[in-house]
$ cat run.tsv   # TSV, C-alpha atoms
chain	number	residue	atom	x	y	z
A	1	MET	CA	-19.56	-28.12	94.09
A	2	THR	CA	-18.59	-24.95	92.22
A	3	HIS	CA	-19.50	-24.64	88.58
A	4	THR	CA	-17.76	-22.26	86.20
A	5	ILE	CA	-19.94	-19.60	84.59
A	6	LEU	CA	-19.04	-19.28	80.92
A	7	ILE	CA	-20.00	-15.93	79.36
A	8	GLU	CA	-19.96	-15.98	75.54
A	9	GLN	CA	-20.87	-13.47	72.88
A	10	VAL	CA	-23.77	-14.69	70.76
A	11	ALA	CA	-23.41	-14.04	67.02
A	12	SER	CA	-26.93	-15.23	66.25
A	13	PRO	CA	-29.53	-16.50	68.68
A	14	ASP	CA	-29.62	-20.24	69.23
A	15	PRO	CA	-32.80	-21.83	70.65
A	16	MET	CA	-31.52	-21.83	74.25
A	17	VAL	CA	-30.63	-18.11	74.11
A	18	LEU	CA	-33.97	-17.30	72.47
A	19	LYS	CA	-35.81	-19.16	75.24
A	20	VAL	CA	-34.09	-17.10	77.96
A	21	ILE	CA	-34.75	-13.83	76.08
A	22	GLU	CA	-38.40	-14.84	75.58
A	23	THR	CA	-38.66	-15.63	79.31
A	24	HIS	CA	-37.22	-12.20	80.06
A	25	VAL	CA	-39.63	-10.44	77.68
A	26	ALA	CA	-42.64	-12.25	79.16
A	27	GLN	CA	-41.57	-11.47	82.72
A	28	MET	CA	-40.97	-7.78	81.98
A	29	GLN	CA	-44.33	-7.49	80.20
A	30	SER	CA	-46.06	-9.09	83.19
A	31	GLN	CA	-44.41	-6.73	85.70
A	32	SER	CA	-44.65	-3.38	83.92
A	33	PRO	CA	-47.47	-1.45	82.27
A	34	GLU	CA	-47.18	-1.52	78.47
A	35	GLU	CA	-46.21	2.16	78.23
A	36	SER	CA	-43.43	1.60	80.81
A	37	CYS	CA	-42.06	-1.66	79.41
A	38	HIS	CA	-38.86	-1.08	77.45
A	39	VAL	CA	-37.80	-4.69	76.95
A	40	MET	CA	-36.51	-5.70	73.51
A	41	PRO	CA	-37.29	-9.05	71.89
A	42	ALA	CA	-34.32	-10.93	70.41
A	43	ASP	CA	-34.91	-9.84	66.82
A	44	THR	CA	-34.93	-6.17	67.88
A	45	LEU	CA	-31.76	-6.58	69.95
A	46	PHE	CA	-29.85	-7.98	67.01
A	47	ARG	CA	-31.40	-5.58	64.48
A	48	GLU	CA	-30.46	-2.55	66.60
A	49	GLY	CA	-26.83	-3.62	66.82
A	50	ALA	CA	-26.74	-4.93	70.37
A	51	THR	CA	-23.85	-7.14	71.39
A	52	VAL	CA	-25.59	-10.11	73.04
A	53	TYR	CA	-24.10	-12.59	75.49
A	54	SER	CA	-25.18	-15.85	77.09
A	55	ALA	CA	-24.18	-17.18	80.50
A	56	LYS	CA	-23.81	-20.95	80.69
A	57	ILE	CA	-23.14	-23.41	83.46
A	58	ASP	CA	-22.50	-26.99	82.38
A	59	GLY	CA	-23.67	-26.15	78.84
A	60	GLN	CA	-27.06	-24.79	79.94
A	61	VAL	CA	-27.92	-21.17	79.12
A	62	LEU	CA	-29.00	-19.64	82.42
A	63	GLY	CA	-28.72	-15.96	81.64
A	64	VAL	CA	-28.42	-13.33	78.94
A	65	GLY	CA	-27.30	-9.73	78.69
A	66	ALA	CA	-26.50	-7.17	76.03
A	67	PHE	CA	-25.23	-3.69	75.41
A	68	LYS	CA	-25.75	-1.38	72.48
A	69	PRO	CA	-24.27	1.95	71.51
A	70	ILE	CA	-26.73	4.83	71.80
A	71	GLU	CA	-24.73	8.01	71.19
A	72	GLY	CA	-21.01	8.55	70.70
A	73	SER	CA	-19.17	6.63	73.41
A	74	HIS	CA	-22.35	6.11	75.48
A	75	GLY	CA	-23.98	2.68	75.52
A	76	GLU	CA	-27.02	1.08	77.09
A	77	LEU	CA	-27.33	-2.21	78.94
A	78	LYS	CA	-30.27	-4.28	77.67
A	79	SER	CA	-31.92	-7.60	78.47
A	80	MET	CA	-30.04	-8.55	81.62
A	81	HIS	CA	-31.80	-11.67	82.82
A	82	THR	CA	-30.96	-14.75	84.89
A	83	LEU	CA	-33.43	-17.62	84.95
A	84	ALA	CA	-35.13	-17.96	88.33
A	85	ALA	CA	-33.62	-21.40	88.98
A	86	ALA	CA	-30.09	-19.98	88.60
A	87	ARG	CA	-30.44	-16.85	90.74
A	88	GLY	CA	-28.04	-16.47	93.64
A	89	ARG	CA	-25.24	-18.30	91.80
A	90	GLY	CA	-23.38	-15.21	90.54
A	91	VAL	CA	-24.67	-15.37	86.96
A	92	GLY	CA	-25.90	-11.75	86.90
A	93	ARG	CA	-22.73	-10.34	88.45
A	94	ALA	CA	-20.52	-12.34	86.07
A	95	MET	CA	-22.60	-11.19	83.10
A	96	LEU	CA	-22.47	-7.55	84.17
A	97	ALA	CA	-18.68	-7.66	84.67
A	98	ARG	CA	-18.21	-9.10	81.16
A	99	LEU	CA	-20.61	-6.58	79.58
A	100	MET	CA	-18.83	-3.68	81.25
A	101	ALA	CA	-15.37	-4.94	80.23
A	102	ASP	CA	-16.38	-5.60	76.62
A	103	ALA	CA	-18.26	-2.30	76.33
A	104	LYS	CA	-15.12	-0.48	77.47
A	105	ALA	CA	-12.94	-2.52	75.09
A	106	SER	CA	-15.31	-1.60	72.23
A	107	GLY	CA	-14.70	2.11	72.87
A	108	LEU	CA	-17.64	2.98	75.09
A	109	ASP	CA	-16.81	5.06	78.17
A	110	ARG	CA	-20.24	5.08	79.80
A	111	LEU	CA	-23.07	2.59	80.16
A	112	SER	CA	-26.59	3.49	81.24
A	113	LEU	CA	-29.67	1.41	81.87
A	114	GLU	CA	-33.38	1.55	82.56
A	115	THR	CA	-34.86	-0.90	85.04
A	116	GLY	CA	-37.98	-1.23	87.11
A	117	SER	CA	-38.63	0.82	90.24
A	118	ASP	CA	-40.68	-1.71	92.23
A	119	ASP	CA	-39.57	-4.52	94.54
A	120	HIS	CA	-39.35	-7.09	91.70
A	121	PHE	CA	-36.25	-5.22	90.50
A	122	ALA	CA	-34.54	-4.62	93.87
A	123	SER	CA	-31.92	-7.35	93.44
A	124	ALA	CA	-31.07	-6.11	89.94
A	125	ARG	CA	-30.66	-2.55	91.22
A	126	LYS	CA	-28.37	-3.86	93.98
A	127	ILE	CA	-26.14	-5.63	91.45
A	128	TYR	CA	-25.87	-2.43	89.41
A	129	GLU	CA	-25.17	-0.30	92.50
A	130	ASP	CA	-22.46	-2.74	93.62
A	131	ALA	CA	-20.83	-2.44	90.16
A	132	GLY	CA	-20.64	1.35	90.44
A	133	PHE	CA	-23.85	2.44	88.71
A	134	THR	CA	-25.51	5.55	90.14
A	135	TYR	CA	-29.02	6.89	89.62
A	136	CYS	CA	-29.42	9.45	86.86
A	137	PRO	CA	-32.10	11.25	84.85
A	138	PRO	CA	-33.67	9.57	81.81
A	139	PHE	CA	-31.39	9.28	78.78
A	140	ALA	CA	-31.67	8.46	75.07
A	141	GLY	CA	-35.32	9.40	74.67
A	142	TYR	CA	-36.62	7.80	77.85
A	143	LYS	CA	-39.09	9.87	79.89
A	144	GLU	CA	-39.61	10.21	83.64
A	145	ASP	CA	-41.83	7.30	84.67
A	146	PRO	CA	-42.85	6.10	88.14
A	147	PHE	CA	-42.27	2.50	87.00
A	148	SER	CA	-38.67	3.13	85.84
A	149	VAL	CA	-35.35	4.09	87.33
A	150	PHE	CA	-32.29	5.09	85.33
A	151	MET	CA	-28.69	4.37	86.22
A	152	THR	CA	-25.31	5.14	84.66
A	153	CYS	CA	-21.66	4.23	85.14
A	154	ARG	CA	-18.38	5.54	83.75
A	155	LEU	CA	-16.24	2.69	82.47
$ encode --input "run.tsv" --output "structure tokens"
Amino acid sequence: MTHTILIEQVASPDPMVLKVIETHVAQMQSQSPEESCHVMPADTLFREGATVYSAKIDGQVLGVGAFKPIEGSHGELKSMHTLAAARGRGVGRAMLARLMADAKASGLDRLSLETGSDDHFASARKIYEDAGFTYCPPFAGYKEDPFSVFMTCRL
């Protein structure tokens, strides 16, 4: 049975969205050294002007994602996360497609991201590569780091 993935912009975090973001933060903190962990908790995402989205199947929030402007028409993807139980169902790809479309519609012409360099992040890097992201140098104050890779895409 196929279930429709509903991607919605989140004006303020509801408990289900907060739980997924908290899961994401905890996972990133467990997989990266503190000085290499660039994850943003929900309050920081909203405070820094990120546009946050939830991915739902049958009313359950199974994923989150966000983008925020960083300089001119350049934006950054933040907090892309699909709960482990929902992986392999297209949630991440659907979220990324919506984020890219809405970022472009908002006037951004490029999105960049920082993600992990180790095997835990291989599937995420593959999703980004498949969407047209290419590897790039650090941006927006990031520094070279063996635990990070940087990617960018023209919209």
$ closest_atom_pairs --input "run.tsv" --of "region 93-131 of chain A" --to "region 72-76 of chain A" --cutoff "8 Å" --atoms "all atoms listed in the file" --output "tab-separated table"
residue	atom	partner	partner_atom	distance
A:Ala103	CA	A:Gly75	CA	7.6
A:Gly107	CA	A:Ser73	CA	6.4
A:Leu108	CA	A:Ser73	CA	4.3
A:Asp109	CA	A:Ser73	CA	5.5
A:Arg110	CA	A:His74	CA	4.9
A:Leu111	CA	A:Gly75	CA	4.7
A:Ser112	CA	A:Glu76	CA	4.8
A:Leu113	CA	A:Glu76	CA	5.5
$ closest_residue --input "run.tsv" --among "A:Ser148, A:Asp118, A:Lys68, A:Cys153" --to "Asp130 (chain A)" --atoms "all atoms listed in the file"
A:Cys153
$ atom_distance --input "run.tsv" --atom1 "CA of Gln60 (chain A)" --atom2 "CA of Ala122 (chain A)"
25.6 Å
$ atom_distance --input "run.tsv" --atom1 "CA of Arg47 (chain A)" --atom2 "CA of Phe139 (chain A)"
20.6 Å
$ closest_residue --input "run.tsv" --among "A:Tyr128, A:Tyr53, A:Tyr142, A:Phe150" --to "Glu8 (chain A)" --atoms "only C-alpha atoms"
A:Tyr53
$ atom_distance --input "run.tsv" --atom1 "CA of Met151 (chain A)" --atom2 "CA of Val10 (chain A)"
25.0 Å
$ closest_residue --input "run.tsv" --among "A:Met100, A:Ser106, A:Ile21, A:Gly59" --to "Met80 (chain A)" --atoms "only C-alpha atoms"
A:Ile21
$ residues_around --input "run.tsv" --residues "Asp102 (chain A)" --least-positions-apart "5" --cutoff "10 Å" --atoms "all atoms listed in the file" --output "ChimeraX atom specification"
/A:9,51,67,96-97,107-108
$ residues_around --input "run.tsv" --residues "Ala55 (chain A)" --least-positions-apart "4" --cutoff "10 Å" --atoms "all atoms listed in the file" --output "list in words"
Thr4, Ile5, Leu6, Ile7, Glu8, Gln9, Val17, Gly59, Gln60, Val61, Leu62, Gly63, Val64, Gly65, His81, Thr82, Val91, Gly92, Ala94 and Met95 of chain A
$ axis_aligned_box --input "run.tsv" --around "region 144-155 of chain A" --padding-each-side "4 Å" --output "JSON"
{"center_x": -29.5, "center_y": 6.4, "center_z": 85.3, "size_x": 34.6, "size_y": 15.7, "size_z": 13.7}
$ closest_residue --input "run.tsv" --among "A:Ala140, A:Ala26, A:Ile127, A:Val20" --to "Ala86 (chain A)" --atoms "only C-alpha atoms"
A:Val20
$ closest_residue --input "run.tsv" --among "A:Glu114, A:Glu48, A:Asp43, A:Glu71" --to "Asp145 (chain A)" --atoms "all atoms listed in the file"
A:Glu114
$ closest_residue --input "run.tsv" --among "A:Arg98, A:Arg125, A:Arg89, A:Lys104" --to "Ser54 (chain A)" --atoms "all atoms listed in the file"
A:Arg98
